[in-house]
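> One file is attached below, target_14.tsv, containing TSV, C-alpha atoms.
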```tsv
chain	number	residue	atom	x	y	z
W	1	MET	CA	1.49	16.15	-14.82
W	2	ILE	CA	0.63	16.30	-11.15
W	3	ALA	CA	-1.57	18.80	-9.36
W	4	GLN	CA	-1.31	18.65	-5.59
W	5	SER	CA	-2.09	21.02	-2.73
W	6	ASP	CA	-0.65	21.26	0.78
W	7	THR	CA	-2.81	20.15	3.67
W	8	GLU	CA	-3.60	22.81	6.29
W	9	THR	CA	-2.27	22.29	9.79
W	10	ASP	CA	-3.83	23.17	13.11
W	11	ALA	CA	-2.82	23.33	16.75
W	12	LYS	CA	-3.39	19.65	17.43
W	13	TYR	CA	-2.22	18.04	14.20
W	14	SER	CA	0.86	19.00	12.25
W	15	ASP	CA	2.00	17.55	8.93
W	16	ILE	CA	5.41	16.05	8.44
W	17	PHE	CA	6.18	16.54	4.78
W	18	SER	CA	8.04	14.08	2.62
W	19	VAL	CA	11.52	15.44	2.02
W	20	ASN	CA	13.92	13.87	-0.45
W	21	THR	CA	17.10	13.81	1.61
W	22	LEU	CA	18.64	11.09	-0.52
W	23	THR	CA	20.48	11.24	-3.79
W	24	ASN	CA	18.97	9.74	-6.91
W	25	LYS	CA	21.44	6.85	-6.51
W	26	THR	CA	19.71	5.46	-3.46
W	27	SER	CA	15.95	5.83	-3.67
W	28	GLU	CA	13.19	6.49	-6.18
W	29	THR	CA	11.05	9.38	-4.92
W	30	LEU	CA	8.94	12.10	-6.42
W	31	LYS	CA	11.21	15.11	-6.74
W	32	SER	CA	8.54	17.68	-5.97
W	33	SER	CA	6.62	16.05	-3.15
W	34	ALA	CA	4.78	18.33	-0.74
W	35	THR	CA	2.50	15.50	0.33
W	36	PRO	CA	2.17	14.76	4.05
W	37	LEU	CA	3.16	11.15	4.70
W	38	ALA	CA	2.86	11.46	8.49
W	39	ARG	CA	1.25	13.74	11.05
W	40	ASN	CA	1.94	14.50	14.67
W	41	HIS	CA	-0.91	13.61	17.05
W	42	TRP	CA	-1.04	14.07	20.79
W	43	ALA	CA	-1.06	10.74	22.61
W	44	GLN	CA	-0.96	9.47	26.18
W	45	LYS	CA	1.58	6.74	26.88
W	46	HIS	CA	0.97	4.45	29.87
W	47	HIS	CA	3.95	2.35	30.93
W	48	TYR	CA	5.66	0.73	33.87
W	49	PRO	CA	9.14	1.94	34.79
W	50	THR	CA	11.60	-0.81	33.90
W	51	ASP	CA	12.99	-1.13	37.39
W	52	LYS	CA	9.55	-1.42	39.00
W	53	TYR	CA	7.67	-3.70	36.60
W	54	ASN	CA	6.98	-7.19	37.92
W	55	PRO	CA	4.06	-9.07	36.33
W	56	ASN	CA	3.97	-11.57	39.21
W	57	ASN	CA	3.25	-8.79	41.69
W	58	ILE	CA	0.35	-7.58	39.54
W	59	ILE	CA	-1.17	-11.07	39.45
W	60	GLU	CA	-0.81	-11.45	43.19
W	61	THR	CA	-2.41	-8.06	43.69
W	62	ARG	CA	-5.43	-9.07	41.59
W	63	VAL	CA	-5.82	-12.37	43.43
W	64	ALA	CA	-5.70	-10.62	46.76
W	65	LYS	CA	-8.35	-8.17	45.52
W	66	THR	CA	-6.58	-5.22	47.09
W	67	ASN	CA	-6.94	-1.69	45.83
W	68	ILE	CA	-5.91	-2.40	42.24
W	69	ALA	CA	-6.52	1.13	40.98
W	70	GLN	CA	-4.36	2.67	43.68
W	71	THR	CA	-1.60	0.08	43.25
W	72	HIS	CA	-1.52	0.55	39.49
W	73	MET	CA	-1.49	4.33	39.72
W	74	GLN	CA	1.58	4.09	41.94
W	75	GLN	CA	3.39	1.90	39.41
W	76	ILE	CA	2.21	3.20	36.03
W	77	SER	CA	3.85	6.23	34.46
W	78	ILE	CA	1.76	8.42	32.17
W	79	ASP	CA	3.42	10.63	29.57
W	80	CYS	CA	1.68	13.04	27.20
W	81	GLN	CA	3.67	13.17	24.02
W	82	SER	CA	3.51	13.85	20.30
W	83	ALA	CA	3.33	10.72	18.14
W	84	SER	CA	4.10	10.56	14.42
W	85	LEU	CA	1.37	8.58	12.63
W	86	ALA	CA	1.28	7.50	9.00
W	87	VAL	CA	-1.24	9.23	6.75
W	88	GLU	CA	-3.77	6.83	5.27
W	89	ALA	CA	-5.48	8.55	2.34
W	90	ALA	CA	-8.41	7.62	0.14
W	91	VAL	CA	-7.16	7.44	-3.45
W	92	ALA	CA	-9.94	7.43	-6.05
W	93	ILE	CA	-8.98	5.87	-9.39
W	94	VAL	CA	-10.94	7.39	-12.29
W	95	ILE	CA	-10.31	5.83	-15.69
W	96	ASN	CA	-11.59	7.58	-18.81
W	97	GLY	CA	-14.22	9.27	-16.64
W	98	ILE	CA	-15.29	6.00	-14.98
W	99	HIS	CA	-15.01	5.85	-11.19
W	100	TYR	CA	-13.29	2.48	-10.99
W	101	ALA	CA	-11.90	2.04	-7.46
W	102	VAL	CA	-11.01	3.69	-4.17
W	103	LEU	CA	-7.79	2.56	-2.51
W	104	MET	CA	-6.60	3.36	0.99
W	105	ALA	CA	-2.93	4.18	0.57
W	106	SER	CA	-0.03	6.43	1.46
W	107	PRO	CA	-0.39	9.58	-0.70
W	108	HIS	CA	2.97	9.35	-2.41
W	109	GLN	CA	4.04	8.05	-5.84
W	110	LEU	CA	0.37	7.83	-6.82
W	111	GLU	CA	1.08	7.65	-10.54
W	112	TYR	CA	3.10	4.49	-9.95
W	113	LEU	CA	0.39	3.14	-7.65
W	114	ALA	CA	-2.31	3.69	-10.28
W	115	VAL	CA	-0.29	2.14	-13.12
W	116	GLY	CA	0.73	-0.86	-11.03
W	117	PHE	CA	-2.82	-1.34	-9.78
W	118	LEU	CA	-4.24	-1.28	-13.32
W	119	PHE	CA	-1.58	-3.75	-14.47
W	120	SER	CA	-2.36	-6.08	-11.56
W	121	GLU	CA	-6.04	-5.80	-12.47
W	122	GLY	CA	-5.25	-6.87	-16.04
W	123	LEU	CA	-6.51	-3.58	-17.48
W	124	ILE	CA	-3.20	-2.52	-19.03
W	125	GLN	CA	-0.29	-4.56	-20.32
W	126	HIS	CA	2.18	-1.84	-21.34
W	127	SER	CA	2.95	1.63	-20.05
W	128	HIS	CA	2.27	3.23	-23.43
W	129	GLU	CA	-1.41	2.35	-23.02
W	130	LEU	CA	-1.56	5.14	-20.44
W	131	LEU	CA	-2.02	8.32	-22.47
W	132	ASP	CA	-2.27	10.90	-19.68
W	133	TRP	CA	-2.82	11.29	-15.95
W	134	GLU	CA	-3.48	13.89	-13.30
W	135	VAL	CA	-3.36	13.69	-9.52
W	136	THR	CA	-5.49	16.12	-7.51
W	137	GLN	CA	-5.97	16.50	-3.79
W	138	LEU	CA	-9.51	17.34	-2.68
W	139	ASN	CA	-9.09	20.02	-0.05
W	140	ASP	CA	-12.17	22.26	-0.12
W	141	ILE	CA	-15.95	21.93	-0.21
W	142	GLU	CA	-16.13	22.77	-3.92
W	143	ASN	CA	-13.84	19.86	-4.77
W	144	TYR	CA	-15.86	17.56	-2.51
W	145	GLN	CA	-19.12	18.59	-4.14
W	146	GLN	CA	-17.89	18.12	-7.69
W	147	PHE	CA	-16.26	14.77	-7.15
W	148	THR	CA	-19.01	13.36	-4.91
W	149	GLN	CA	-21.72	14.43	-7.35
W	150	ASP	CA	-19.93	12.67	-10.21
W	151	SER	CA	-19.54	9.55	-8.07
W	152	PHE	CA	-23.20	9.60	-7.04
W	153	MET	CA	-24.29	9.88	-10.67
W	154	GLN	CA	-22.52	6.58	-11.40
W	155	ASP	CA	-24.03	4.82	-8.38
W	156	SER	CA	-26.88	2.73	-9.80
W	157	PHE	CA	-28.82	2.72	-6.53
W	158	ILE	CA	-28.84	6.50	-6.24
W	159	LYS	CA	-29.37	7.02	-9.96
W	160	ASP	CA	-32.41	4.74	-10.07
W	161	SER	CA	-33.92	6.12	-6.90
W	162	THR	CA	-37.07	8.23	-7.23
W	163	ASN	CA	-36.84	9.57	-3.70
W	164	GLU	CA	-35.22	12.97	-4.26
W	165	SER	CA	-35.21	13.90	-0.57
W	166	PHE	CA	-33.33	10.71	0.29
W	167	GLU	CA	-30.86	11.40	-2.52
W	168	SER	CA	-30.24	14.94	-1.27
W	169	ALA	CA	-29.80	13.83	2.34
W	170	ALA	CA	-27.36	11.08	1.32
W	171	PHE	CA	-25.35	13.56	-0.71
W	172	GLU	CA	-25.10	16.04	2.18
W	173	GLN	CA	-24.12	13.27	4.61
W	174	SER	CA	-21.41	12.16	2.20
W	175	LEU	CA	-20.00	15.67	1.99
W	176	SER	CA	-19.86	15.90	5.77
W	177	SER	CA	-18.06	12.59	6.23
W	178	LEU	CA	-15.48	13.30	3.53
W	179	GLN	CA	-13.98	16.09	5.59
W	180	ASP	CA	-12.51	13.48	7.96
W	181	TYR	CA	-10.31	12.03	5.22
W	182	ASP	CA	-7.29	12.87	3.10
W	183	ILE	CA	-8.63	12.39	-0.42
W	184	TYR	CA	-6.78	12.24	-3.72
W	185	VAL	CA	-8.17	11.65	-7.19
W	186	VAL	CA	-6.02	10.00	-9.85
W	187	GLU	CA	-7.55	10.60	-13.27
W	188	LEU	CA	-6.16	8.37	-16.01
W	189	VAL	CA	-6.67	8.41	-19.75
W	190	LEU	CA	-6.17	5.01	-21.38
W	191	ASN	CA	-6.41	4.02	-25.03
W	192	GLN	CA	-9.58	2.59	-26.54
W	193	ARG	CA	-8.59	-1.06	-26.19
W	194	CYS	CA	-8.04	-0.60	-22.45
W	195	HIS	CA	-11.35	1.25	-22.18
W	196	GLN	CA	-13.14	-1.84	-23.49
W	197	ARG	CA	-11.42	-3.97	-20.87
W	198	ILE	CA	-12.55	-1.55	-18.16
W	199	GLN	CA	-16.18	-1.76	-19.22
W	200	ALA	CA	-16.00	-5.57	-19.21
W	201	GLN	CA	-14.30	-5.84	-15.83
W	202	LYS	CA	-15.57	-2.81	-13.86
W	203	ARG	CA	-16.00	-3.51	-10.18
W	204	GLN	CA	-16.93	-1.37	-7.22
W	205	LEU	CA	-13.82	-1.50	-5.06
W	206	ALA	CA	-13.74	0.12	-1.65
W	207	GLY	CA	-10.12	-0.75	-0.97
W	208	ARG	CA	-8.74	-1.51	2.47
W	209	THR	CA	-5.08	-1.34	3.29
W	210	GLY	CA	-4.98	-4.95	4.46
W	211	CYS	CA	-6.60	-6.66	1.50
W	212	GLY	CA	-5.82	-6.54	-2.19
W	213	MET	CA	-8.94	-8.42	-3.22
W	214	CYS	CA	-11.70	-6.34	-1.64
W	215	GLY	CA	-14.61	-5.77	-4.02
W	216	ILE	CA	-13.95	-8.84	-6.18
W	217	THR	CA	-17.12	-10.92	-6.39
W	218	GLY	CA	-16.20	-13.78	-8.74
W	219	LEU	CA	-13.86	-16.68	-7.97
W	220	THR	CA	-12.31	-16.58	-11.43
W	221	GLN	CA	-11.53	-12.90	-10.95
W	222	ALA	CA	-10.07	-13.42	-7.48
W	223	LEU	CA	-8.21	-16.63	-8.40
W	224	PRO	CA	-7.27	-16.21	-12.09
W	225	ASP	CA	-5.42	-18.60	-14.37
W	226	LEU	CA	-1.96	-17.07	-14.78
W	227	SER	CA	-0.53	-19.68	-17.15
W	228	ILE	CA	0.48	-17.09	-19.75
W	229	TYR	CA	2.85	-15.59	-17.18
W	230	ARG	CA	4.54	-18.89	-16.27
W	231	GLN	CA	8.31	-18.46	-15.99
W	232	ASN	CA	11.08	-20.80	-17.13
W	233	ARG	CA	12.66	-22.08	-13.93
W	234	GLN	CA	15.93	-22.94	-15.68
W	235	LYS	CA	16.56	-19.25	-16.42
W	236	ILE	CA	15.99	-18.00	-12.87
W	237	ASP	CA	19.09	-17.54	-10.74
W	238	THR	CA	18.60	-18.00	-7.02
W	239	PRO	CA	19.65	-14.90	-5.05
W	240	SER	CA	22.33	-15.73	-2.50
W	241	LEU	CA	21.94	-15.17	1.23
W	242	ASP	CA	24.72	-12.56	1.20
W	243	CYS	CA	22.98	-10.64	-1.58
W	244	LEU	CA	19.61	-10.70	0.19
W	245	LEU	CA	21.07	-9.65	3.54
W	246	ALA	CA	22.84	-6.73	1.84
W	247	ILE	CA	19.55	-5.58	0.30
W	248	ARG	CA	17.76	-5.95	3.62
W	249	GLN	CA	20.38	-3.81	5.33
W	250	GLN	CA	19.81	-1.02	2.79
W	251	VAL	CA	16.04	-1.32	3.11
W	252	ASP	CA	16.23	-0.99	6.89
W	253	ALA	CA	18.27	2.19	6.51
W	254	MET	CA	16.04	3.65	3.78
W	255	GLN	CA	12.60	3.12	5.33
W	256	HIS	CA	12.27	6.68	6.60
W	257	THR	CA	8.48	6.77	6.93
W	258	HIS	CA	8.48	3.44	8.74
W	259	GLN	CA	11.22	4.63	11.08
W	260	LEU	CA	9.08	7.66	11.86
W	261	THR	CA	5.70	5.93	12.25
W	262	GLY	CA	6.23	2.15	12.48
W	263	ALA	CA	3.16	1.72	10.28
W	264	VAL	CA	4.17	1.25	6.64
W	265	HIS	CA	5.41	-1.61	4.49
W	266	ALA	CA	7.97	-1.42	1.72
W	267	ALA	CA	8.66	-3.10	-1.61
W	268	ALA	CA	12.25	-2.75	-2.78
W	269	THR	CA	14.47	-3.90	-5.60
W	270	MET	CA	18.01	-3.44	-6.85
W	271	TYR	CA	18.52	-2.11	-10.37
W	272	ASN	CA	21.90	-1.07	-11.78
W	273	GLN	CA	23.31	-1.38	-8.26
W	274	GLN	CA	20.84	1.17	-6.91
W	275	LEU	CA	18.09	0.55	-4.39
W	276	TYR	CA	14.55	1.56	-5.40
W	277	LEU	CA	12.16	1.54	-2.45
W	278	PHE	CA	8.40	2.18	-2.29
W	279	GLU	CA	6.58	2.59	1.03
W	280	ASP	CA	2.85	2.38	1.72
W	281	VAL	CA	0.45	1.60	4.54
W	282	GLY	CA	-0.73	-1.35	2.41
W	283	ARG	CA	1.78	-4.01	1.42
W	284	HIS	CA	-0.02	-4.71	-1.87
W	285	ASN	CA	0.02	-0.95	-2.61
W	286	ALA	CA	3.78	-0.87	-2.06
W	287	LEU	CA	4.21	-3.69	-4.58
W	288	ASP	CA	1.86	-1.97	-7.05
W	289	LYS	CA	4.00	1.16	-6.81
W	290	LEU	CA	7.12	-0.84	-7.60
W	291	ILE	CA	5.41	-2.57	-10.54
W	292	GLY	CA	4.15	0.80	-11.79
W	293	TRP	CA	7.69	2.20	-11.61
W	294	GLN	CA	8.96	-0.87	-13.45
W	295	LEU	CA	6.42	-0.41	-16.26
W	296	ARG	CA	6.93	3.34	-16.60
W	297	ASN	CA	10.71	2.90	-16.81
W	298	LYS	CA	10.61	-0.32	-18.86
W	299	VAL	CA	13.15	-2.15	-16.71
W	300	GLU	CA	13.64	-5.81	-15.82
W	301	ILE	CA	14.42	-6.76	-12.23
W	302	SER	CA	15.57	-10.00	-10.65
W	303	CYS	CA	13.89	-9.93	-7.24
W	304	VAL	CA	11.63	-7.89	-4.98
W	305	LEU	CA	11.98	-7.67	-1.22
W	306	MET	CA	8.82	-7.13	0.84
W	307	THR	CA	8.93	-6.12	4.50
W	308	SER	CA	5.72	-8.06	5.15
W	309	ARG	CA	4.41	-11.60	5.04
W	310	LEU	CA	3.88	-13.04	1.56
W	311	SER	CA	0.18	-13.52	0.93
W	312	ILE	CA	-1.56	-14.72	-2.21
W	313	GLU	CA	-2.26	-11.29	-3.73
W	314	LEU	CA	1.45	-10.40	-3.58
W	315	VAL	CA	2.32	-13.66	-5.34
W	316	GLN	CA	-0.31	-13.02	-8.04
W	317	LYS	CA	0.96	-9.50	-8.66
W	318	SER	CA	4.56	-10.76	-8.89
W	319	ILE	CA	3.60	-13.48	-11.35
W	320	ARG	CA	1.77	-10.96	-13.57
W	321	GLY	CA	4.78	-8.66	-13.37
W	322	ARG	CA	7.12	-11.54	-14.33
W	323	ILE	CA	9.20	-10.89	-11.23
W	324	PRO	CA	11.56	-13.89	-10.86
W	325	TRP	CA	11.92	-13.83	-7.05
W	326	LEU	CA	9.71	-12.50	-4.25
W	327	ILE	CA	11.40	-12.29	-0.85
W	328	GLY	CA	9.64	-11.53	2.44
W	329	MET	CA	10.86	-10.61	5.89
W	330	SER	CA	8.04	-12.72	7.32
W	331	ALA	CA	6.49	-16.04	6.29
W	332	PRO	CA	4.50	-16.86	3.17
W	333	THR	CA	1.12	-18.55	3.34
W	334	SER	CA	0.65	-22.12	2.16
W	335	THR	CA	-1.51	-20.93	-0.74
W	336	ALA	CA	1.15	-18.41	-1.76
W	337	VAL	CA	3.77	-21.18	-1.95
W	338	ARG	CA	1.52	-23.52	-3.95
W	339	VAL	CA	0.67	-20.84	-6.50
W	340	ALA	CA	4.30	-19.72	-6.73
W	341	GLU	CA	5.38	-23.29	-7.45
W	342	ARG	CA	2.70	-23.70	-10.12
W	343	TYR	CA	3.78	-20.63	-12.07
W	344	GLY	CA	7.54	-20.70	-11.49
W	345	LEU	CA	7.89	-17.80	-9.06
W	346	GLY	CA	10.81	-18.05	-6.67
W	347	LEU	CA	9.63	-17.49	-3.10
W	348	ALA	CA	11.62	-16.98	0.11
W	349	GLY	CA	10.75	-15.70	3.56
W	350	PHE	CA	12.05	-15.01	7.06
W	351	LEU	CA	14.88	-12.84	5.78
W	352	ARG	CA	16.36	-11.99	9.16
W	353	ASP	CA	19.72	-11.19	10.75
W	354	ASN	CA	21.64	-14.12	9.30
W	355	ARG	CA	19.19	-16.36	7.49
W	356	VAL	CA	16.55	-16.81	4.82
W	357	THR	CA	14.19	-19.70	4.05
W	358	TYR	CA	13.57	-20.70	0.42
W	359	TYR	CA	10.16	-22.22	-0.35
W	360	SER	CA	10.19	-22.63	-4.15
W	361	ASN	CA	12.74	-22.73	-7.00
W	362	TYR	CA	15.51	-23.85	-4.66
W	363	SER	CA	16.42	-27.16	-6.36
W	364	ASP	CA	19.58	-25.65	-7.81
W	365	LEU	CA	20.95	-24.47	-4.43
```
As structure tokens, please, write out the structure in this file.


Amino acid sequence: MIAQSDTETDAKYSDIFSVNTLTNKTSETLKSSATPLARNHWAQKHHYPTDKYNPNNIIETRVAKTNIAQTHMQQISIDCQSASLAVEAAVAIVINGIHYAVLMASPHQLEYLAVGFLFSEGLIQHSHELLDWEVTQLNDIENYQQFTQDSFMQDSFIKDSTNESFESAAFEQSLSSLQDYDIYVVELVLNQRCHQRIQAQKRQLAGRTGCGMCGITGLTQALPDLSIYRQNRQKIDTPSLDCLLAIRQQVDAMQHTHQLTGAVHAAATMYNQQLYLFEDVGRHNALDKLIGWQLRNKVEISCVLMTSRLSIELVQKSIRGRIPWLIGMSAPTSTAVRVAERYGLGLAGFLRDNRVTYYSNYSDL
């Protein structure tokens, strides 16, 4: 069950709503999405006309110390235009009443994001451990007050403080700052065994879109032993270049939010000859959404294509999800390759116009 509200628009900012223009044979989307994935903002574009731009002339002008401002104003064109920008929302994960984490993510497919995130955290192992969920957008002062008060009550510093005036001022400041953000709350109900794991592993996570490990304080938590997820290399087929290039071509055509904003990553896979694609401003969030979809639908997949570089947290998530192959459009890191080799994950990068580079599990090519 999902409870969501539309975001109000004003004269300067307008929402571009997610519209499912594709059939269910091409992309996995929420059928009833009224969530803004992008907004129009006014911007000022400064650029040189193509026929007039000459970097050598600019250097010579600077060396000569002539009237740089006047020269540049004669060459530079300035256009006021509307720019489509990706929405980056704060997504609060509340598990059995415990405020567990806050992720910065694209506000779409949040159930899948939450399930995949909990699986990557090691808090759930099967989809049936999730008993219920609800997604709510905070869009008025009453919602802010209720949620912020609950969060403050779980903050040990505020709870132990005896300075009531400081506590009140901090609460009011928090309410004021929240109005700058798109905020969603994902409330999950897990079974009792999962609840015990949460209490043992709870961390304060202020998630950033560029890092899947923010808030982790222990080395063993950040760099876990994943031996129980080790895969049998003999049973993993290497995806061919033709197959990967065909998937990439479909991904390029299906990345609608990225085409609009240029600011989101995607995780994609083929299942039953259909492409399932998940976009997010954070690459690790996109992979969590795919893993959450995989768990909820109880399907096995052969490879995942990421539109980003392949960093260690993506490799760890793929190993936990028993994904045989992880393919990137950019390069992997050295650590990602070493960990992939240790646990039997196939890794490839630089999937471009006519090529791909295999880094692990390529001995049978």

> Atom CA of Lys317 of chain W and atom CA of Met254 of chain W, how far apart in Å?

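Taking atom CA of Met254 of chain W and atom CA of Lys317 of chain W, their separation equals 23.6 Å.
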
> Report, in Å to a single decimal, how far apart atom CA of Leu287 of chain W and atom CA of Leu314 of chain W are.

7.3 Å

> Atom CA of Val91 of chain W and atom CA of Leu110 of chain W are how many Å apart?

8.3 Å

> List the spatial neighbours of Ile236 of chain W as a VMD selection string - criterion: any atom at most 10 Å away, all atoms listed in the file, same-chain residues fewer than 5 positions off excluded.

chain W and resid 231 302 323 to 325 344 to 346 361 364

> Which is closer to Leu85 of chain W than all the others in W:His99, W:Arg197, W:His258, W:Arg352, using all atoms listed in the file?

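Smallest distance to Leu85 of chain W is found for W:His258.
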
> Between W:Gln146, W:Gln294, W:Asn354, W:Gln316, single out the one closest to Ala336 of chain W, counting only C-alpha atoms.

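With only C-alpha atoms as the atom set, the closest residue is W:Gln316.
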
> Give me the residues within 8 Å of Val339 of chain W as a PyMOL selection string, counting only C-alpha atoms and dropping any in the same chain fewer than 4 places off.

chain W and resi 312+315+335+343
